[in-house]
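A short write-up of the structure that comes next.
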Amino acid sequence: MKSSNKNLSNKNARGSAAQFFVAGELCRRDLVAVVTMGNTPNTDVLCSNVEGTKFVHIQVKTFPPGNRKVTVGMKAEKDFGKNFIWVLAGIPPKGDESDFVYYIVPSSEVSKNVKRMHLEYISQPGKRGQQRKDSSMRVIFIPPFKDPSGWSIEKYKNRWDIIEDILR
């Protein structure tokens with residue numbers, strides 16, 4: 001039982017760390033970024049230009065580098081508009097020397113593909129031919145992996161310019 005609590009703690013710590021790493025990357029690019037610490041629905045990091053005249057809401061999802069997919073949940077099916085961005089952050093666990101990796105993906109791209117992929121999944125029979133049950137879990141495949149229809153987020157790797165362009 002202790003090990004599962006420790007793993008949950010490590011996962012939560014890695015998730016919190018990811019939000020700060022994302023905010024740090026944005027600040028390195030002369031943007032203003034604040035971590036909301038869970039106090040703002042659908043926004044882990046709020047980012048603006050220096051003048052404070054334009055804003056982007058960022059939802060951060062964390063995965064250990066090398067994972068096949070990251071879980072995003074049902075809200076990934078909703079297009080929150082052009083000022084909402086998903087950042088999928090590959091944050092290595094303690095002691096892992098893997099590189100950090102970030103995929104900066106517009107909400108419209110995530111919603112369209114996650115919704116399609118989930119509908120395709122539940123419409124197909126399960127391993128024993130049974131009807132699959134709907135659930136709240138949604139996933140995005142991490143490169144080099146692609147979803148069963150071939151959608152890949154590879155082109156969004158380290159695309160911080162997507163956020164920078166919105167805030168110009």
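Each chain in the structure tokens gets a letter, A, B and so on, in the order shown; residues start at 1 in every chain, and ligands are counted from 1 in the order they appear.
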Those in region 9-167 of chain A with strand (DSSP E or B) from DSSP, as an NGL selection string: :A and (32-35 or 45-48 or 55-63 or 69-71 or 84-90 or 101-106 or 125 or 131 or 139-141 or 157)
Ser149 (chain A) environment, 12 Å, only C-alpha atoms, sequence neighbours closer than 4 positions dropped, as a list in words: Asn113, Val114, Arg116, Met117, His118, Leu119, Glu120, Tyr121, Phe141 and Phe145 of chain A
Pick from A:Glu25, A:Asp30, A:Asp147, A:Asp161 nearest to Val45 (chain A), counting only C-alpha atoms: A:Glu25
From A:Val101, A:Leu167, A:Val110, A:Met137, residue lying nearest Trp151 (chain A) [only C-alpha atoms]: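 Once distances to Trp151 (chain A) are computed over only C-alpha atoms, the minimum belongs to A:Val110.
Among A:Lys61, A:Phe20, A:Tyr103, A:Asp44, the residue with the shortest atom-to-atom distance to Ser152 (chain A), counting only C-alpha atoms, is A:Tyr103.
For the residues A:Ile166, A:Lys146, A:Val50, A:Thr40, ranking by smallest atom-to-atom distance to Cys27 (chain A) using only C-alpha atoms places A:Val50 first.
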Which residues are near Ile85 (chain A)? Cut-off 8 Å, only C-alpha atoms, ignore same chain within fewer than 3 positions. Put them as an mmCIF file with N, CA, C and O atoms, in the first residue's frame.
data_model
loop_
_atom_site.group_PDB
_atom_site.id
_atom_site.type_symbol
_atom_site.label_atom_id
_atom_site.label_comp_id
_atom_site.auth_asym_id
_atom_site.auth_seq_id
_atom_site.Cartn_x
_atom_site.Cartn_y
_atom_site.Cartn_z
ATOM 1 N N VAL A 56 -3.277 33.692 -22.841
ATOM 2 C CA VAL A 56 -3.445 32.311 -23.277
ATOM 3 C C VAL A 56 -3.630 31.468 -22.021
ATOM 4 O O VAL A 56 -2.906 31.628 -21.039
ATOM 5 N N HIS A 57 -4.622 30.576 -22.074
ATOM 6 C CA HIS A 57 -4.855 29.609 -21.006
ATOM 7 C C HIS A 57 -4.187 28.308 -21.417
ATOM 8 O O HIS A 57 -4.382 27.839 -22.539
ATOM 9 N N ILE A 58 -3.420 27.743 -20.495
ATOM 10 C CA ILE A 58 -2.656 26.541 -20.815
ATOM 11 C C ILE A 58 -3.030 25.422 -19.857
ATOM 12 O O ILE A 58 -3.015 25.604 -18.633
ATOM 13 N N GLN A 59 -3.383 24.285 -20.441
ATOM 14 C CA GLN A 59 -3.634 23.068 -19.671
ATOM 15 C C GLN A 59 -2.409 22.182 -19.840
ATOM 16 O O GLN A 59 -2.019 21.883 -20.970
ATOM 17 N N LYS A 82 -9.078 29.625 -29.627
ATOM 18 C CA LYS A 82 -7.673 29.782 -30.040
ATOM 19 C C LYS A 82 -6.749 30.206 -28.905
ATOM 20 O O LYS A 82 -5.544 30.051 -28.993
ATOM 21 N N ILE A 104 3.265 21.429 -27.774
ATOM 22 C CA ILE A 104 2.374 22.581 -27.611
ATOM 23 C C ILE A 104 1.303 22.467 -28.692
ATOM 24 O O ILE A 104 1.582 22.701 -29.870
ATOM 25 N N VAL A 105 0.081 22.081 -28.281
ATOM 26 C CA VAL A 105 -0.962 21.710 -29.234
ATOM 27 C C VAL A 105 -2.203 22.587 -29.035
ATOM 28 O O VAL A 105 -2.739 22.654 -27.933
ATOM 29 N N PRO A 106 -2.677 23.239 -30.103
ATOM 30 C CA PRO A 106 -3.889 24.054 -30.000
ATOM 31 C C PRO A 106 -5.104 23.217 -29.594
ATOM 32 O O PRO A 106 -5.237 22.053 -29.978
ATOM 33 N N SER A 107 -5.998 23.830 -28.841
ATOM 34 C CA SER A 107 -7.211 23.174 -28.379
ATOM 35 C C SER A 107 -8.035 22.606 -29.526
ATOM 36 O O SER A 107 -8.586 21.507 -29.421
ATOM 37 N N ILE A 163 2.262 29.735 -28.990
ATOM 38 C CA ILE A 163 1.826 30.619 -27.907
ATOM 39 C C ILE A 163 2.334 32.039 -28.159
ATOM 40 O O ILE A 163 1.584 33.010 -28.028
#
CA of Phe21 (chain A) to CA of Val35 (chain A), straight-line distance in Å: 9.9 Å
From A:Arg132, A:Val34, A:Val22, A:Trp160, residue lying nearest Leu46 (chain A) [only C-alpha atoms]: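 Of all the options, A:Val34 lies closest to Leu46 (chain A).
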Residue contacts of Arg138 (chain A) (9 Å, only C-alpha atoms) excluding same-chain residues fewer than 4 positions away, as a list in words: Val70, Thr71, Val72, Gly73, Met74, Lys75, Ala76, Glu77, Val114, Lys115, Met117 and His118 of chain A
Requested write-out: all heavy atoms of the selected residues, as a tab-separated table (two decimals), in the first residue's frame:
chain	number	residue	atom	x	y	z
A	70	VAL	N	-0.53	9.76	-23.15
A	70	VAL	CA	-0.82	10.57	-21.97
A	70	VAL	C	-2.33	10.66	-21.86
A	70	VAL	O	-3.04	10.80	-22.86
A	70	VAL	CB	-0.16	11.97	-22.06
A	70	VAL	CG1	-0.65	12.76	-23.25
A	70	VAL	CG2	-0.36	12.77	-20.78
A	71	THR	N	-2.83	10.58	-20.63
A	71	THR	CA	-4.27	10.67	-20.39
A	71	THR	C	-4.66	12.13	-20.26
A	71	THR	O	-4.02	12.89	-19.54
A	71	THR	CB	-4.63	9.91	-19.09
A	71	THR	OG1	-4.19	8.56	-19.22
A	71	THR	CG2	-6.12	9.94	-18.84
A	72	VAL	N	-5.74	12.51	-20.98
A	72	VAL	CA	-6.17	13.91	-20.95
A	72	VAL	C	-7.59	14.10	-20.42
A	72	VAL	O	-7.96	15.18	-20.03
A	72	VAL	CB	-6.05	14.56	-22.35
A	72	VAL	CG1	-4.58	14.73	-22.71
A	72	VAL	CG2	-6.78	13.77	-23.41
A	73	GLY	N	-8.42	13.10	-20.42
A	73	GLY	CA	-9.78	13.22	-19.91
A	73	GLY	C	-10.75	13.80	-20.93
A	73	GLY	O	-10.39	14.19	-22.03
A	74	MET	N	-12.02	13.85	-20.52
A	74	MET	CA	-13.10	14.26	-21.42
A	74	MET	C	-13.02	15.72	-21.87
A	74	MET	O	-13.46	16.05	-22.95
A	74	MET	CB	-14.46	14.05	-20.73
A	74	MET	CG	-14.83	12.59	-20.64
A	74	MET	SD	-16.39	12.34	-19.77
A	74	MET	CE	-17.53	13.10	-20.89
A	75	LYS	N	-12.46	16.58	-21.03
A	75	LYS	CA	-12.42	18.00	-21.43
A	75	LYS	C	-11.57	18.23	-22.68
A	75	LYS	O	-11.71	19.24	-23.35
A	75	LYS	CB	-11.98	18.89	-20.29
A	75	LYS	CG	-10.54	18.76	-19.86
A	75	LYS	CD	-10.28	19.72	-18.73
A	75	LYS	CE	-9.09	19.29	-17.91
A	75	LYS	NZ	-8.95	20.12	-16.73
A	76	ALA	N	-10.75	17.24	-23.03
A	76	ALA	CA	-9.95	17.36	-24.25
A	76	ALA	C	-10.82	17.36	-25.49
A	76	ALA	O	-10.38	17.79	-26.56
A	76	ALA	CB	-8.92	16.24	-24.32
A	77	GLU	N	-12.06	16.89	-25.38
A	77	GLU	CA	-12.96	16.88	-26.53
A	77	GLU	C	-13.57	18.24	-26.82
A	77	GLU	O	-14.16	18.44	-27.87
A	77	GLU	CB	-14.09	15.87	-26.30
A	77	GLU	CG	-13.61	14.44	-26.35
A	77	GLU	CD	-14.76	13.46	-26.29
A	77	GLU	OE1	-15.92	13.85	-26.04
A	77	GLU	OE2	-14.48	12.27	-26.51
A	114	VAL	N	-9.10	13.97	-30.48
A	114	VAL	CA	-9.42	13.15	-29.32
A	114	VAL	C	-10.86	12.66	-29.41
A	114	VAL	O	-11.15	11.49	-29.13
A	114	VAL	CB	-9.16	13.93	-28.01
A	114	VAL	CG1	-9.78	13.23	-26.81
A	114	VAL	CG2	-7.65	14.11	-27.80
A	115	LYS	N	-11.77	13.52	-29.83
A	115	LYS	CA	-13.17	13.13	-29.96
A	115	LYS	C	-13.32	12.03	-31.02
A	115	LYS	O	-13.97	11.01	-30.80
A	115	LYS	CB	-14.03	14.34	-30.35
A	115	LYS	CG	-15.52	14.04	-30.38
A	115	LYS	CD	-16.31	15.26	-30.80
A	115	LYS	CE	-16.21	16.36	-29.78
A	115	LYS	NZ	-17.04	17.52	-30.09
A	117	MET	N	-11.02	9.94	-32.16
A	117	MET	CA	-10.36	8.72	-31.73
A	117	MET	C	-11.21	7.97	-30.71
A	117	MET	O	-11.34	6.74	-30.78
A	117	MET	CB	-8.98	9.03	-31.14
A	117	MET	CG	-8.20	7.80	-30.76
A	117	MET	SD	-6.49	8.08	-30.23
A	117	MET	CE	-6.59	9.58	-29.30
A	118	HIS	N	-11.83	8.68	-29.79
A	118	HIS	CA	-12.64	8.02	-28.77
A	118	HIS	C	-13.90	7.39	-29.38
A	118	HIS	O	-14.26	6.25	-29.05
A	118	HIS	CB	-13.03	9.00	-27.66
A	118	HIS	CG	-13.81	8.34	-26.58
A	118	HIS	ND1	-13.25	7.43	-25.71
A	118	HIS	CD2	-15.12	8.41	-26.25
A	118	HIS	CE1	-14.17	6.99	-24.89
A	118	HIS	NE2	-15.32	7.56	-25.19
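For the residues A:Gly81, A:Ile142, A:Pro148, A:Pro64, ranking by smallest atom-to-atom distance to Gly95 (chain A) using only C-alpha atoms places A:Pro64 first.
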Going by DSSP on the backbone, which residues of chain A come out as helix (DSSP H, G or I)? List them as a compact mmCIF listing (two decimals) with N, CA, C and O atoms, in the first residue's frame.
# COMPACT_ATOMS: atom_id res chain seq x y z
N LYS A 2 1.97 1.21 0.74
CA LYS A 2 2.84 2.39 0.79
C LYS A 2 3.38 2.77 -0.58
O LYS A 2 3.45 3.92 -0.91
N SER A 3 3.76 1.78 -1.38
CA SER A 3 4.35 2.09 -2.69
C SER A 3 3.35 2.80 -3.59
O SER A 3 3.73 3.68 -4.34
N SER A 4 2.06 2.43 -3.53
CA SER A 4 1.09 3.12 -4.38
C SER A 4 0.92 4.57 -3.93
O SER A 4 0.75 5.46 -4.75
N ASN A 5 0.96 4.84 -2.63
CA ASN A 5 0.89 6.22 -2.16
C ASN A 5 2.12 7.00 -2.61
O ASN A 5 2.03 8.15 -2.99
N LYS A 6 3.28 6.34 -2.57
CA LYS A 6 4.51 6.99 -3.01
C LYS A 6 4.43 7.31 -4.50
O LYS A 6 4.81 8.38 -4.93
N ASN A 7 3.91 6.37 -5.32
CA ASN A 7 3.80 6.60 -6.75
C ASN A 7 2.83 7.75 -7.03
O ASN A 7 3.08 8.56 -7.90
N LEU A 8 1.72 7.82 -6.29
CA LEU A 8 0.77 8.91 -6.46
C LEU A 8 1.45 10.22 -6.10
O LEU A 8 1.32 11.21 -6.81
N SER A 9 2.20 10.22 -5.00
CA SER A 9 2.92 11.41 -4.59
C SER A 9 3.90 11.85 -5.66
O SER A 9 4.01 13.03 -6.00
N ASN A 10 4.65 10.89 -6.23
CA ASN A 10 5.62 11.21 -7.27
C ASN A 10 4.91 11.76 -8.51
O ASN A 10 5.39 12.68 -9.14
N LYS A 11 3.78 11.16 -8.87
CA LYS A 11 3.01 11.61 -10.03
C LYS A 11 2.50 13.04 -9.79
O LYS A 11 2.59 13.89 -10.66
N ASN A 12 1.97 13.29 -8.61
CA ASN A 12 1.48 14.63 -8.28
C ASN A 12 2.62 15.64 -8.28
O ASN A 12 2.48 16.75 -8.78
N ALA A 13 3.76 15.24 -7.72
CA ALA A 13 4.91 16.14 -7.68
C ALA A 13 5.40 16.44 -9.10
O ALA A 13 5.74 17.57 -9.42
N ARG A 14 5.44 15.40 -9.97
CA ARG A 14 5.88 15.60 -11.35
C ARG A 14 4.91 16.50 -12.09
O ARG A 14 5.31 17.35 -12.87
N GLY A 15 3.60 16.34 -11.82
CA GLY A 15 2.59 17.21 -12.44
C GLY A 15 2.76 18.66 -12.02
O GLY A 15 2.70 19.57 -12.85
N SER A 16 2.99 18.87 -10.74
CA SER A 16 3.22 20.24 -10.26
C SER A 16 4.50 20.81 -10.84
O SER A 16 4.53 21.96 -11.27
N ALA A 17 5.53 20.00 -10.86
CA ALA A 17 6.81 20.45 -11.43
C ALA A 17 6.63 20.83 -12.89
O ALA A 17 7.18 21.85 -13.34
N ALA A 18 5.86 20.04 -13.63
CA ALA A 18 5.65 20.32 -15.06
C ALA A 18 5.04 21.69 -15.27
O ALA A 18 5.43 22.41 -16.19
N GLN A 19 4.08 22.06 -14.43
CA GLN A 19 3.47 23.38 -14.55
C GLN A 19 4.51 24.48 -14.38
O GLN A 19 4.52 25.47 -15.13
N PHE A 20 5.41 24.31 -13.42
CA PHE A 20 6.45 25.31 -13.21
C PHE A 20 7.48 25.32 -14.34
O PHE A 20 7.95 26.38 -14.75
N PHE A 21 7.81 24.13 -14.86
CA PHE A 21 8.74 24.08 -16.00
C PHE A 21 8.14 24.77 -17.23
O PHE A 21 8.83 25.49 -17.94
N VAL A 22 6.85 24.55 -17.47
CA VAL A 22 6.17 25.21 -18.60
C VAL A 22 6.18 26.72 -18.38
O VAL A 22 6.53 27.48 -19.29
N ALA A 23 5.85 27.17 -17.19
CA ALA A 23 5.86 28.61 -16.89
C ALA A 23 7.28 29.17 -17.07
O ALA A 23 7.45 30.26 -17.64
N GLY A 24 8.28 28.41 -16.66
CA GLY A 24 9.67 28.85 -16.83
C GLY A 24 10.05 28.99 -18.29
O GLY A 24 10.72 29.97 -18.67
N GLU A 25 9.65 28.03 -19.11
CA GLU A 25 9.93 28.11 -20.55
C GLU A 25 9.29 29.35 -21.17
O GLU A 25 9.88 30.01 -22.03
N LEU A 26 8.09 29.67 -20.73
CA LEU A 26 7.40 30.86 -21.26
C LEU A 26 8.09 32.14 -20.79
O LEU A 26 8.25 33.08 -21.58
N CYS A 27 8.49 32.18 -19.55
CA CYS A 27 9.20 33.36 -19.03
C CYS A 27 10.54 33.56 -19.73
O CYS A 27 10.95 34.70 -19.98
N ARG A 28 11.22 32.46 -20.09
CA ARG A 28 12.47 32.57 -20.85
C ARG A 28 12.25 33.25 -22.19
O ARG A 28 13.17 33.77 -22.79
N MET A 74 -12.02 13.85 -20.52
CA MET A 74 -13.10 14.26 -21.42
C MET A 74 -13.02 15.72 -21.87
O MET A 74 -13.46 16.05 -22.95
N LYS A 75 -12.46 16.58 -21.03
CA LYS A 75 -12.42 18.00 -21.43
C LYS A 75 -11.57 18.23 -22.68
O LYS A 75 -11.71 19.24 -23.35
N ALA A 76 -10.75 17.24 -23.03
CA ALA A 76 -9.95 17.36 -24.25
C ALA A 76 -10.82 17.36 -25.49
O ALA A 76 -10.38 17.79 -26.56
N GLU A 77 -12.06 16.89 -25.38
CA GLU A 77 -12.96 16.88 -26.53
C GLU A 77 -13.57 18.24 -26.82
O GLU A 77 -14.16 18.44 -27.87
N SER A 107 -6.00 23.83 -28.84
CA SER A 107 -7.21 23.17 -28.38
C SER A 107 -8.04 22.61 -29.53
O SER A 107 -8.59 21.51 -29.42
N SER A 108 -8.12 23.33 -30.63
CA SER A 108 -8.93 22.86 -31.76
C SER A 108 -8.40 21.54 -32.32
O SER A 108 -9.17 20.65 -32.67
N GLU A 109 -7.10 21.40 -32.37
CA GLU A 109 -6.47 20.17 -32.88
C GLU A 109 -6.70 19.01 -31.91
O GLU A 109 -7.01 17.90 -32.31
N VAL A 110 -6.55 19.29 -30.62
CA VAL A 110 -6.76 18.26 -29.60
C VAL A 110 -8.21 17.80 -29.62
O VAL A 110 -8.50 16.60 -29.68
N SER A 111 -9.16 18.74 -29.57
CA SER A 111 -10.57 18.37 -29.45
C SER A 111 -11.03 17.54 -30.65
O SER A 111 -11.69 16.51 -30.49
N LYS A 112 -10.68 17.97 -31.83
CA LYS A 112 -11.09 17.27 -33.05
C LYS A 112 -10.59 15.84 -33.05
O LYS A 112 -11.33 14.89 -33.29
N ASN A 113 -9.33 15.65 -32.77
CA ASN A 113 -8.72 14.33 -32.86
C ASN A 113 -9.04 13.42 -31.68
O ASN A 113 -9.24 12.23 -31.85
N VAL A 114 -9.10 13.97 -30.48
CA VAL A 114 -9.42 13.15 -29.32
C VAL A 114 -10.86 12.66 -29.41
O VAL A 114 -11.15 11.49 -29.13
N LYS A 115 -11.77 13.52 -29.83
CA LYS A 115 -13.17 13.13 -29.96
C LYS A 115 -13.32 12.03 -31.02
O LYS A 115 -13.97 11.01 -30.80
N ARG A 116 -12.69 12.22 -32.18
CA ARG A 116 -12.74 11.23 -33.25
C ARG A 116 -12.17 9.90 -32.79
O ARG A 116 -12.78 8.85 -32.99
N MET A 117 -11.02 9.94 -32.16
CA MET A 117 -10.36 8.72 -31.73
C MET A 117 -11.21 7.97 -30.71
O MET A 117 -11.34 6.74 -30.78
N HIS A 118 -11.83 8.68 -29.79
CA HIS A 118 -12.64 8.02 -28.77
C HIS A 118 -13.90 7.39 -29.38
O HIS A 118 -14.26 6.25 -29.05
N LEU A 119 -14.54 8.10 -30.30
CA LEU A 119 -15.73 7.55 -30.96
C LEU A 119 -15.37 6.29 -31.75
O LEU A 119 -16.13 5.31 -31.74
N GLU A 120 -14.24 6.30 -32.42
CA GLU A 120 -13.79 5.12 -33.16
C GLU A 120 -13.53 3.96 -32.20
O GLU A 120 -13.91 2.83 -32.47
N TYR A 121 -12.91 4.26 -31.07
CA TYR A 121 -12.57 3.22 -30.09
C TYR A 121 -13.83 2.55 -29.54
O TYR A 121 -13.92 1.32 -29.53
N ILE A 122 -14.81 3.34 -29.09
CA ILE A 122 -15.99 2.71 -28.48
C ILE A 122 -16.92 2.07 -29.51
O ILE A 122 -17.75 1.24 -29.15
N SER A 123 -16.77 2.42 -30.78
CA SER A 123 -17.62 1.81 -31.81
C SER A 123 -17.10 0.44 -32.24
O SER A 123 -17.82 -0.33 -32.87
N GLU A 154 3.71 14.95 -33.40
CA GLU A 154 5.14 15.22 -33.62
C GLU A 154 5.41 16.64 -34.08
O GLU A 154 6.36 17.28 -33.65
N LYS A 155 4.57 17.17 -34.97
CA LYS A 155 4.82 18.52 -35.50
C LYS A 155 4.65 19.62 -34.45
O LYS A 155 5.00 20.77 -34.70
N TYR A 156 4.16 19.26 -33.27
CA TYR A 156 3.98 20.25 -32.21
C TYR A 156 5.10 20.22 -31.16
O TYR A 156 5.05 20.95 -30.18
N ASP A 161 6.37 28.75 -30.35
CA ASP A 161 5.97 29.87 -31.22
C ASP A 161 4.45 29.94 -31.37
O ASP A 161 3.90 31.01 -31.65
N ILE A 162 3.75 28.85 -31.17
CA ILE A 162 2.28 28.86 -31.25
C ILE A 162 1.73 29.81 -30.19
O ILE A 162 0.83 30.62 -30.46
N ILE A 163 2.26 29.73 -28.99
CA ILE A 163 1.83 30.62 -27.91
C ILE A 163 2.33 32.04 -28.16
O ILE A 163 1.58 33.01 -28.03
N GLU A 164 3.59 32.15 -28.55
CA GLU A 164 4.17 33.49 -28.81
C GLU A 164 3.38 34.23 -29.87
O GLU A 164 3.12 35.45 -29.72
N ASP A 165 2.97 33.56 -30.94
CA ASP A 165 2.22 34.20 -32.01
C ASP A 165 0.87 34.72 -31.55
O ASP A 165 0.42 35.80 -31.96
N ILE A 166 0.19 33.98 -30.69
CA ILE A 166 -1.10 34.43 -30.17
C ILE A 166 -0.94 35.70 -29.33
O ILE A 166 -1.80 36.57 -29.34
Residues near Phe100 (chain A), cut-off 7 Å, only C-alpha atoms, skip fewer than 5 positions along chain, as JSON, numbers by chain: {"A": [90, 91, 92]}
Separation of CA of Asn39 (chain A) from CA of Asp79 (chain A) in Å: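 Straight-line distance from CA of Asp79 (chain A) to CA of Asn39 (chain A) works out to 20.8 Å.
Across the structure, CA of Phe84 (chain A) and CA of Arg159 (chain A) are spaced 14.4 Å apart.
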